[in-house]
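**Student:** Contents of start-v5.txt (compact mmCIF, C-alpha atoms) are below:
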# COMPACT_ATOMS: atom_id res chain seq x y z
CA MET M 18 241.43 58.22 97.45
CA LEU M 19 244.28 59.72 95.43
CA ARG M 20 241.85 61.21 92.95
CA ASN M 21 239.58 62.73 95.61
CA SER M 22 242.46 64.33 97.50
CA PHE M 23 243.84 65.89 94.33
CA ILE M 24 240.45 67.25 93.25
CA LEU M 25 239.97 68.83 96.70
CA THR M 26 243.44 70.39 96.51
CA CYS M 27 242.71 71.80 93.06
CA LEU M 28 239.43 73.32 94.25
CA ILE M 29 241.22 75.05 97.13
CA ILE M 30 244.15 76.31 95.05
CA THR M 31 242.00 77.47 92.15
CA SER M 32 239.21 79.12 94.15
CA SER M 33 239.71 82.26 92.04
CA PHE M 34 239.18 80.30 88.82
CA SER M 35 235.84 79.80 87.13
CA THR M 36 233.55 76.83 87.60
CA SER M 37 234.31 75.68 84.08
CA LEU M 38 238.00 75.34 84.94
CA GLU M 39 237.16 73.23 87.98
CA ASN M 40 235.02 71.00 85.76
CA ILE M 41 237.91 70.60 83.33
CA ILE M 42 240.25 69.64 86.19
CA ASN M 43 237.77 67.02 87.41
CA SER M 44 237.42 65.69 83.89
CA VAL M 45 241.19 65.28 83.58
CA ILE M 46 241.45 63.31 86.82
CA VAL M 47 238.59 61.01 85.87
CA ASN M 48 239.35 60.49 82.18
CA ASN M 49 243.08 60.92 81.57
CA LYS M 50 244.49 57.58 80.46
CA ASN M 51 248.06 58.40 81.44
CA LEU M 52 246.96 58.92 85.06
CA GLN M 53 244.98 55.70 84.94
CA ALA M 54 248.05 53.84 83.67
CA ILE M 55 250.14 55.20 86.53
CA GLU M 56 247.45 54.14 89.00
CA LYS M 57 247.83 50.62 87.64
CA SER M 58 251.56 50.74 88.42
CA ILE M 59 250.65 51.63 92.02
CA GLN M 60 248.40 48.57 92.19
CA ILE M 61 251.22 46.43 90.78
CA ALA M 62 253.58 47.85 93.42
CA ASN M 63 251.11 46.87 96.14
CA GLU M 64 251.10 43.32 94.86
CA GLN M 65 254.89 43.34 94.67
CA ILE M 66 255.04 44.18 98.38
CA LYS M 67 252.89 41.13 99.11
CA LEU M 68 255.10 39.02 96.85
CA SER M 69 258.36 40.25 98.37
CA ASN M 70 257.82 38.59 101.77
CA LYS M 71 256.68 35.24 100.40
CA TRP M 72 258.96 32.21 100.56
CA ASP M 73 259.75 30.21 97.44
CA ASN M 74 257.31 27.38 96.85
CA PRO M 75 258.39 24.00 98.26
CA ILE M 76 259.33 21.27 95.81
CA LEU M 77 257.65 17.86 95.93
CA THR M 78 259.59 15.01 94.29
CA ILE M 79 258.10 11.58 93.46
CA GLY M 80 260.03 8.83 91.76
CA ALA M 81 261.51 5.34 91.66
CA ASN M 82 265.17 4.34 91.64
CA ASP M 83 267.30 1.47 90.43
CA LEU M 84 264.88 0.48 87.68
CA GLN M 85 265.62 -2.91 86.02
CA PHE M 86 264.82 -3.93 82.46
CA ASP M 87 262.24 -6.24 83.96
CA THR M 88 260.05 -3.43 85.31
CA SER M 89 257.57 -5.89 86.85
CA ARG M 90 260.16 -6.96 89.48
CA ARG M 91 260.79 -4.45 92.27
CA ASP M 92 262.29 -6.94 94.78
CA LEU M 93 265.51 -7.93 93.05
CA GLU M 94 267.93 -6.05 95.31
CA PRO M 95 267.89 -3.63 98.29
CA MET M 96 268.31 -0.36 96.35
CA GLN M 97 265.07 -0.77 94.47
CA GLY M 98 262.32 1.42 95.88
CA GLN M 99 259.82 4.25 95.42
CA TYR M 100 260.30 7.58 97.09
CA ILE M 101 258.61 10.87 97.88
CA GLY M 102 260.66 13.93 98.73
CA PHE M 103 260.14 17.46 99.95
CA SER M 104 262.57 20.41 99.71
CA GLN M 105 262.28 24.00 100.84
CA ASN M 106 264.50 27.10 100.53
CA ILE M 107 264.69 28.90 103.88
CA PRO M 108 265.67 32.58 103.58
CA ILE M 109 268.12 33.82 106.21
CA ASN M 110 270.08 36.96 107.12
CA GLY M 111 267.12 39.37 106.83
CA LYS M 112 266.76 39.13 103.05
CA ILE M 113 262.95 38.91 103.14
CA LYS M 114 262.71 42.13 105.17
CA LEU M 115 265.08 43.94 102.81
CA GLN M 116 263.12 42.75 99.75
CA GLU M 117 259.93 44.10 101.33
CA GLU M 118 261.56 47.46 102.07
CA ILE M 119 262.76 47.72 98.45
CA ALA M 120 259.25 46.90 97.22
CA MET M 121 257.85 49.62 99.47
CA LYS M 122 260.32 52.09 97.96
CA ASP M 123 259.06 51.12 94.50
CA LYS M 124 255.48 51.77 95.64
CA ALA M 125 256.48 55.17 97.04
CA ILE M 126 258.11 56.01 93.70
CA SER M 127 254.93 54.97 91.83
CA ASN M 128 252.84 57.23 94.10
CA LEU M 129 255.23 60.12 93.50
CA ASN M 130 255.12 59.53 89.73
CA TYR M 131 251.33 59.83 89.99
CA GLU M 132 251.62 63.12 91.89
CA ASP M 133 254.15 64.44 89.36
CA ALA M 134 251.88 63.50 86.44
CA LYS M 135 248.98 65.37 88.07
CA LEU M 136 251.13 68.46 88.55
CA LYS M 137 252.21 68.39 84.90
CA LEU M 138 248.61 68.03 83.73
CA LYS M 139 247.45 70.91 85.92
CA SER M 140 250.30 73.07 84.65
CA LYS M 141 249.40 72.25 81.03
CA LEU M 142 245.72 72.96 81.69
CA ILE M 143 246.55 76.41 83.03
CA GLU M 144 248.82 77.08 80.05
CA TYR M 145 246.25 76.01 77.43
CA LEU M 146 243.24 77.64 79.08
CA TYR M 147 244.82 81.05 79.54
CA SER M 148 246.54 80.90 76.18
CA ILE M 149 243.23 80.25 74.43
CA LYS M 150 241.44 83.06 76.29
CA ILE M 151 244.23 85.57 75.59
CA LEU M 152 244.47 84.62 71.92
CA GLU M 153 240.68 84.87 71.50
CA ASN M 154 240.78 88.40 72.94
CA LYS M 155 243.67 89.32 70.66
CA TYR M 156 241.65 87.99 67.73
CA LEU M 157 238.80 90.38 68.61
CA LEU M 158 241.26 93.29 68.74
CA LEU M 159 242.59 92.36 65.31
CA ASN M 160 239.02 92.45 64.00
CA GLN M 161 238.68 95.98 65.35
CA TYR M 162 242.07 96.82 63.87
CA GLN M 163 240.84 95.69 60.45
CA LYS M 164 237.68 97.77 60.77
CA ASN M 165 239.76 100.86 61.47
CA ILE M 166 242.02 100.12 58.48
CA LYS M 167 238.95 99.63 56.31
CA SER M 168 237.48 102.96 57.47
CA LEU M 169 240.81 104.63 56.81
CA GLU M 170 240.91 103.04 53.36
CA ASP M 171 237.41 104.35 52.58
CA LEU M 172 238.43 107.81 53.76
CA THR M 173 241.62 107.72 51.69
CA THR M 174 239.67 106.57 48.63
CA SER M 175 237.25 109.49 48.93
CA LEU M 176 240.19 111.87 49.37
CA TYR M 177 241.83 110.33 46.30
CA GLU M 178 238.72 111.10 44.28
CA SER M 179 239.11 114.71 45.27
CA ASN M 180 242.87 114.63 44.59
CA LYS M 181 243.78 114.92 48.30
CA SER M 182 245.55 111.52 48.51
CA ASN M 183 247.34 109.14 46.18
CA GLN M 184 246.81 105.56 45.06
CA SER M 185 249.91 104.34 46.87
CA MET M 186 248.30 105.16 50.21
CA ILE M 187 245.25 103.07 49.29
CA ILE M 188 247.40 100.10 48.25
CA ASN M 189 249.39 100.30 51.48
CA LEU M 190 246.20 100.20 53.52
CA LYS M 191 244.89 97.21 51.57
CA THR M 192 248.20 95.47 52.21
CA ASP M 193 247.99 96.27 55.93
CA TYR M 194 244.48 94.81 56.01
CA LEU M 195 245.65 91.56 54.43
CA LYS M 196 248.64 91.32 56.78
CA ILE M 197 246.22 91.49 59.69
CA GLU M 198 244.25 88.71 58.01
CA ILE M 199 247.38 86.53 58.07
CA GLN M 200 247.87 87.31 61.77
CA LYS M 201 244.26 86.33 62.43
CA GLU M 202 244.70 83.06 60.56
CA ASN M 203 247.81 82.27 62.61
CA LEU M 204 245.96 83.04 65.83
CA GLN M 205 242.95 80.97 64.78
CA ASN M 206 245.17 77.99 63.99
CA ILE M 207 246.92 78.21 67.38
CA ILE M 208 243.55 78.50 69.14
CA LYS M 209 242.18 75.44 67.34
CA ASN M 210 245.28 73.40 68.15
CA ASN M 211 245.14 74.43 71.82
CA TYR M 212 241.53 73.25 71.98
CA LEU M 213 242.69 69.94 70.50
CA LYS M 214 245.45 69.73 73.13
CA LEU M 215 242.81 70.27 75.81
CA GLU M 216 240.73 67.49 74.30
CA GLU M 217 243.80 65.24 74.25
CA ILE M 218 244.29 65.44 78.02
CA THR M 219 240.63 65.83 79.13
CA TYR M 220 239.10 63.35 76.63
CA GLU M 221 236.25 65.85 76.23
CA LYS M 222 235.48 68.36 73.50
CA ILE M 223 235.70 71.86 74.98
CA THR M 224 234.29 74.71 72.91
CA SER M 225 234.64 77.78 75.15
CA ILE M 226 236.82 79.02 78.00
CA ASP M 227 235.79 81.19 80.95
CA VAL M 228 238.76 82.38 82.99
CA SER M 229 239.76 85.72 84.50
CA LEU M 230 242.79 87.48 83.03
CA ASP M 231 243.55 89.57 86.11
CA VAL M 232 247.26 90.30 86.50
CA LYS M 233 248.59 90.72 90.01
CA GLU M 234 251.90 90.40 91.80
CA LEU M 235 252.72 86.86 92.93
CA ILE M 236 255.53 85.22 94.87
CA PHE M 237 256.64 81.69 93.97
CA SER M 238 257.58 79.43 96.86
CA LYS M 239 261.23 78.35 96.84
CA ASP M 240 260.58 75.26 98.97
CA ILE M 241 261.19 72.31 96.65
CA SER M 242 261.80 69.68 99.33
CA THR M 243 258.40 68.01 98.81
CA HIS M 244 258.31 68.14 95.01
CA PRO M 245 257.61 64.64 93.55
CA ILE M 246 260.72 64.72 91.32
CA ILE M 247 262.95 65.56 94.30
CA LYS M 248 261.28 62.87 96.42
CA ILE M 249 261.59 60.30 93.60
CA LEU M 250 265.34 60.87 93.42
CA GLU M 251 265.59 60.60 97.21
CA GLN M 252 263.59 57.35 97.18
CA ASN M 253 265.78 55.90 94.42
CA ASN M 254 268.90 56.81 96.37
CA GLU M 255 267.52 55.03 99.44
CA LYS M 256 266.25 52.11 97.35
CA PHE M 257 269.68 51.30 95.93
CA ASN M 258 271.25 51.63 99.37
CA LYS M 259 268.78 48.94 100.42
CA GLN M 260 269.67 46.96 97.31
CA ALA M 261 273.33 47.07 98.33
CA GLN M 262 272.36 45.77 101.79
CA LEU M 263 270.36 42.98 100.16
CA GLU M 264 273.27 41.94 97.96
CA ASP M 265 275.51 41.93 101.03
CA ALA M 266 272.98 39.75 102.86
CA LYS M 267 273.03 37.31 99.94
CA LYS M 268 276.61 36.42 100.87
CA LEU M 269 274.88 34.10 103.32
CA SER M 270 272.76 32.25 100.81
CA ASP M 271 269.39 30.72 101.56
CA ILE M 272 269.49 27.25 103.10
CA LYS M 273 267.87 24.43 101.20
CA VAL M 274 266.42 21.65 103.39
CA SER M 275 265.46 18.36 101.74
CA ALA M 276 263.82 15.22 103.12
CA VAL M 277 263.14 12.07 101.08
CA TYR M 278 261.29 8.93 102.21
CA PHE M 279 262.16 5.65 100.40
CA GLN M 280 259.69 2.76 100.38
CA ARG M 281 261.19 -0.64 99.52
CA ASP M 282 260.03 -4.23 99.15
CA ASP M 283 258.80 -5.97 102.31
CA LYS M 284 262.10 -7.86 102.52
CA TYR M 285 263.90 -4.59 103.20
CA LYS M 286 263.33 -1.76 105.62
CA ASP M 287 262.19 1.66 104.43
CA TYR M 288 264.53 4.57 105.03
CA ALA M 289 264.80 8.36 104.70
CA ASN M 290 267.42 10.83 103.51
CA VAL M 291 267.74 14.33 104.99
CA SER M 292 270.07 16.96 103.53
CA LEU M 293 271.02 20.57 104.10
CA SER M 294 272.41 22.59 101.14
CA ILE M 295 274.22 25.91 101.59
CA PRO M 296 275.64 27.68 98.50
CA LEU M 297 279.06 29.15 99.21
CA ALA M 298 279.96 32.71 98.12
CA PHE M 299 283.41 31.86 96.75
CA TYR M 300 283.65 33.91 93.55
CA GLY M 301 282.73 37.44 94.69
CA LYS M 302 279.60 37.75 92.55
CA GLU M 303 277.77 39.41 95.45
CA ASN M 304 280.55 41.97 95.93
CA ILE M 305 280.17 43.10 92.31
CA LYS M 306 276.41 43.51 92.76
CA ILE M 307 276.97 45.44 96.01
CA LEU M 308 279.30 47.82 94.18
CA GLN M 309 276.81 48.23 91.31
CA ALA M 310 274.01 49.11 93.74
CA LYS M 311 276.21 51.60 95.61
CA ILE M 312 277.25 53.29 92.35
CA LYS M 313 273.58 53.51 91.35
CA SER M 314 272.76 55.05 94.72
CA ARG M 315 275.48 57.68 94.27
CA GLU M 316 274.22 58.33 90.73
CA PHE M 317 270.79 59.25 92.10
CA LYS M 318 272.40 61.37 94.82
CA ASP M 319 274.24 63.37 92.14
CA LYS M 320 271.02 63.68 90.11
CA LEU M 321 269.24 64.86 93.27
CA ASP M 322 271.79 67.63 93.91
CA ASP M 323 271.66 68.65 90.24
CA SER M 324 267.85 68.72 90.16
CA LYS M 325 267.64 70.80 93.33
CA LYS M 326 269.90 73.43 91.77
CA LYS M 327 267.98 73.39 88.49
CA PHE M 328 264.65 73.76 90.32
CA GLU M 329 265.98 76.72 92.33
CA ILE M 330 267.28 78.45 89.20
CA LYS M 331 264.09 77.73 87.24
CA ILE M 332 261.82 79.14 89.96
CA ALA M 333 263.99 82.27 90.25
CA SER M 334 263.95 82.67 86.45
CA LEU M 335 260.16 82.29 86.26
CA GLN M 336 259.78 84.83 89.08
CA ASN M 337 261.88 87.28 87.03
CA ASP M 338 259.77 86.59 83.92
CA LEU M 339 256.53 87.15 85.81
CA ASP M 340 257.75 90.33 87.53
CA SER M 341 259.01 91.72 84.21
CA SER M 342 255.68 90.97 82.51
CA ILE M 343 253.80 92.77 85.29
CA LYS M 344 255.98 95.88 84.91
CA LYS M 345 255.54 95.98 81.13
CA TYR M 346 251.82 95.27 81.45
CA LYS M 347 251.38 98.16 83.90
CA LEU M 348 253.38 100.52 81.68
CA LEU M 349 251.07 99.73 78.78
CA LYS M 350 247.85 99.68 80.79
CA ASP M 351 248.42 102.57 83.20
CA LEU M 352 250.64 104.93 81.20
CA ILE M 353 251.04 104.33 77.47
CA ILE M 354 247.43 103.45 76.52
CA PRO M 355 245.86 106.18 78.73
CA LEU M 356 248.20 108.76 77.15
CA GLN M 357 247.17 107.61 73.69
CA GLU M 358 243.50 107.70 74.67
CA GLU M 359 243.99 111.23 75.98
CA ASN M 360 245.70 112.08 72.70
CA GLN M 361 242.71 110.63 70.90
CA LYS M 362 240.41 113.13 72.61
CA THR M 363 242.75 115.95 71.61
CA ILE M 364 242.85 114.77 67.99
CA GLU M 365 239.07 114.52 67.82
CA LYS M 366 238.77 118.02 69.33
CA TYR M 367 241.15 119.49 66.77
CA ASN M 368 239.39 117.56 64.01
CA SER M 369 236.11 119.16 64.99
CA LEU M 370 237.85 122.50 64.52
CA GLU M 371 239.24 121.26 61.19
CA LEU M 372 242.81 121.78 62.46
CA ILE M 373 243.91 118.19 61.84
CA LYS M 374 243.28 115.59 59.15
CA SER M 375 240.56 112.99 59.77
CA ASP M 376 242.89 110.07 59.05
CA GLU M 377 244.92 110.99 62.16
CA ILE M 378 241.97 109.87 64.29
CA LEU M 379 242.04 106.34 62.86
CA LYS M 380 245.82 106.15 62.91
CA ASN M 381 245.90 106.93 66.62
CA LEU M 382 243.10 104.43 67.25
CA ASN M 383 245.20 101.78 65.54
CA LYS M 384 248.15 102.64 67.78
CA ILE M 385 245.89 102.13 70.80
CA ILE M 386 244.82 98.73 69.48
CA GLN M 387 248.44 97.76 68.75
CA ASN M 388 249.39 98.54 72.33
CA LYS M 389 246.38 96.64 73.65
CA ILE M 390 247.62 93.66 71.64
CA ALA M 391 251.08 94.20 73.15
CA GLN M 392 249.36 94.31 76.55
CA TYR M 393 247.85 90.87 75.87
CA ASP M 394 251.31 89.62 74.87
CA GLU M 395 252.50 90.51 78.37
CA VAL M 396 249.43 88.86 79.90
CA LYS M 397 250.34 85.69 78.01
CA ASN M 398 253.95 85.90 79.22
CA TYR M 399 252.60 86.35 82.75
CA PHE M 400 250.40 83.26 82.62
CA ASP M 401 253.06 81.22 80.83
CA ALA M 402 255.38 81.91 83.78
CA TYR M 403 252.53 81.19 86.19
CA SER M 404 251.63 77.84 84.59
CA GLN M 405 255.24 76.66 84.62
CA ALA M 406 255.77 77.87 88.18
CA TYR M 407 252.69 75.94 89.27
CA TYR M 408 254.53 72.73 88.38
CA TYR M 409 257.86 73.64 90.00
CA THR M 410 256.27 75.05 93.18
CA GLN M 411 253.42 72.48 93.43
CA GLY M 412 250.99 75.39 93.31
CA LYS M 413 252.63 77.16 96.27
CA ILE M 414 252.05 80.62 94.87
CA ARG M 415 250.88 83.64 96.85
Show me this structure written as structure tokens.
**Tutor:**
Amino acid sequence: MLRNSFILTCLIITSSFSTSLENIINSVIVNNKNLQAIEKSIQIANEQIKLSNKWDNPILTIGANDLQFDTSRRDLEPMQGQYIGFSQNIPINGKIKLQEEIAMKDKAISNLNYEDAKLKLKSKLIEYLYSIKILENKYLLLNQYQKNIKSLEDLTTSLYESNKSNQSMIINLKTDYLKIEIQKENLQNIIKNNYLKLEEITYEKITSIDVSLDVKELIFSKDISTHPIIKILEQNNEKFNKQAQLEDAKKLSDIKVSAVYFQRDDKYKDYANVSLSIPLAFYGKENIKILQAKIKSREFKDKLDDSKKKFEIKIASLQNDLDSSIKKYKLLKDLIIPLQEENQKTIEKYNSLELIKSDEILKNLNKIIQNKIAQYDEVKNYFDAYSQAYYYTQGKIR
């Protein structure tokens, strides 16, 4: 049930994503071992609820008293006999109900841990998937960059042969080419590792990514009241308040009722003993446990207030990061790169009239590619902010 509801939610939230992303999400829910382990804790919590309202098992006692050295004689005096006894602890003062309520809090916390783990996985999936796609596109641009450098190197070499350039220019271009090769190797290593990270959480080998890199303005929800982490802290606060009530109830200890039937020799009458045992709370042990539970409750209340503030600040910070990335992306996409492309046409026109050197064409092309790479850097910053915000806002992004 938990799995199905989460998958449906993911399909609704990620309707703009590709089918392959939906398949990856489904694979995570089905295969991720961490989620499966948390599901087991939910099952354990269910059993704990059943256990919490059960009485202690009764105790059956069978024995013989006043044994003589001559064990064959059981009629020497009145105290000799065989007996069977039964004793039972009877809980009082509402302790069973409080234990059940505490167990239900533990189950609620397990459910919330499951929801939090799913959010973290979805956030990581978004981060890895978009990171891989962006880095693969940057890798293609670097290939084009190298081609332009190579063409410029060939041109410079031919000019050198006609004494119109110098060897230093050729060496610098070769160095630039190799520096790009280092950048490509770094990118390739990051891409490979991100694919391995995907495999780690999906338990499937993924070889290609199909996601859209559209950048648009988004608003992150500031409502954190239903976030699993916030709810977990609230549940823990309430749980230890209940624990304090339970410790207070234990001041009236459970009653132990015992009944024993003694069977004696035919010369003597059988008899029974009945007793009622009530432990007395003389030494204040329960008061110490009450205080401990109350301190623990206040601890979670302080953590709750702190987490709320941190969540609010984090969401506001991620909103700033995303907005800033959009502005820089638009500057590059709508202004800087178009101006350079317009300049490229001008350079080519003047080149056709032999009013400008040919190497200026390739140099300007390289500037365009550099800014397209910078554009992808902003796309990555955008989706990094988006993936983190997905966790903090539970996907409440519009």
**Student:** Give me the residues of region 102-161 of chain M that have any atom at most 12 Å from an atom of region 391-402 of chain M; for each, the nearest atom pair and the distance in Å, rounded to one decimal. Use all atoms listed in the file, sort by chain and number, and format it as CSV.
**Tutor:**
residue,atom,partner,partner_atom,distance
M:Ser140,CA,M:Asp401,CA,9.4
M:Lys141,CA,M:Asp401,CA,9.7
M:Leu142,CA,M:Asp401,CA,11.1
M:Ile143,CA,M:Phe400,CA,7.9
M:Glu144,CA,M:Asp401,CA,6.0
M:Tyr145,CA,M:Asp401,CA,9.2
M:Leu146,CA,M:Phe400,CA,9.8
M:Tyr147,CA,M:Phe400,CA,6.7
M:Ser148,CA,M:Lys397,CA,6.4
M:Ile149,CA,M:Lys397,CA,9.6
M:Lys150,CA,M:Lys397,CA,9.4
M:Ile151,CA,M:Tyr393,CA,6.4
M:Leu152,CA,M:Tyr393,CA,8.1
M:Glu153,CA,M:Tyr393,CA,10.3
M:Asn154,CA,M:Tyr393,CA,8.0
M:Lys155,CA,M:Tyr393,CA,6.9
M:Tyr156,CA,M:Tyr393,CA,10.6
M:Leu157,CA,M:Tyr393,CA,11.6
M:Leu158,CA,M:Tyr393,CA,10.0
M:Leu159,CA,M:Ala391,CA,11.7
**Student:** Using only C-alpha atoms, which residue out of M:Leu68, M:Leu172, M:Ile236, M:Leu138 lies closest to Glu217 (chain M)?
**Tutor:**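 The closest residue to Glu217 (chain M) is M:Leu138.
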**Student:** So how many Å separate CA of Lys167 (chain M) and CA of Lys209 (chain M), to one decimal?
**Tutor:**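 One can read the CA of Lys167 (chain M) to CA of Lys209 (chain M) distance as 26.8 Å.
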**Student:** Residues within 12 Å of Ile295 (chain M), please, as a VMD selection string. Count only C-alpha atoms; anything in the same chain fewer than 5 positions from it doesn't count.
**Tutor:** chain M and resid 106 to 109 267 to 275
**Student:** Residues of the last selection are to be written out with C-alpha atoms, as a CSV table (one decimal), in the frame of the given file.
**Tutor:**
chain,number,residue,atom,x,y,z
M,106,ASN,CA,264.5,27.1,100.5
M,107,ILE,CA,264.7,28.9,103.9
M,108,PRO,CA,265.7,32.6,103.6
M,109,ILE,CA,268.1,33.8,106.2
M,267,LYS,CA,273.0,37.3,99.9
M,268,LYS,CA,276.6,36.4,100.9
M,269,LEU,CA,274.9,34.1,103.3
M,270,SER,CA,272.8,32.2,100.8
M,271,ASP,CA,269.4,30.7,101.6
M,272,ILE,CA,269.5,27.2,103.1
M,273,LYS,CA,267.9,24.4,101.2
M,274,VAL,CA,266.4,21.6,103.4
M,275,SER,CA,265.5,18.4,101.7
**Student:** For each of M:Ile218, M:Ala54, M:Ile414, M:Ile226, take the minimum atom-to-atom distance to Asp240 (chain M), counting only C-alpha atoms, then give the residue where this is smallest.
**Tutor:**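 Of M:Ile218, M:Ala54, M:Ile414, M:Ile226, the one nearest Asp240 (chain M) is M:Ile414, counting only C-alpha atoms.
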**Student:** For region 221-224 of chain M, please output as a PyMOL selection string all residues within 12 Å (counting all atoms listed in the file; exclusion window: fewer than 4 positions along the same chain).
**Tutor:** chain M and resi 37-38+40-45+47-49+145-146+149-150+208-217
**Student:** Please identify all polymer residues within 9 Å of Lys320 (chain M), counting all atoms listed in the file, omitting same-chain residues fewer than 5 positions from it, and present them as an NGL selection string.
**Tutor:** :M and (250 or 315 or 325)
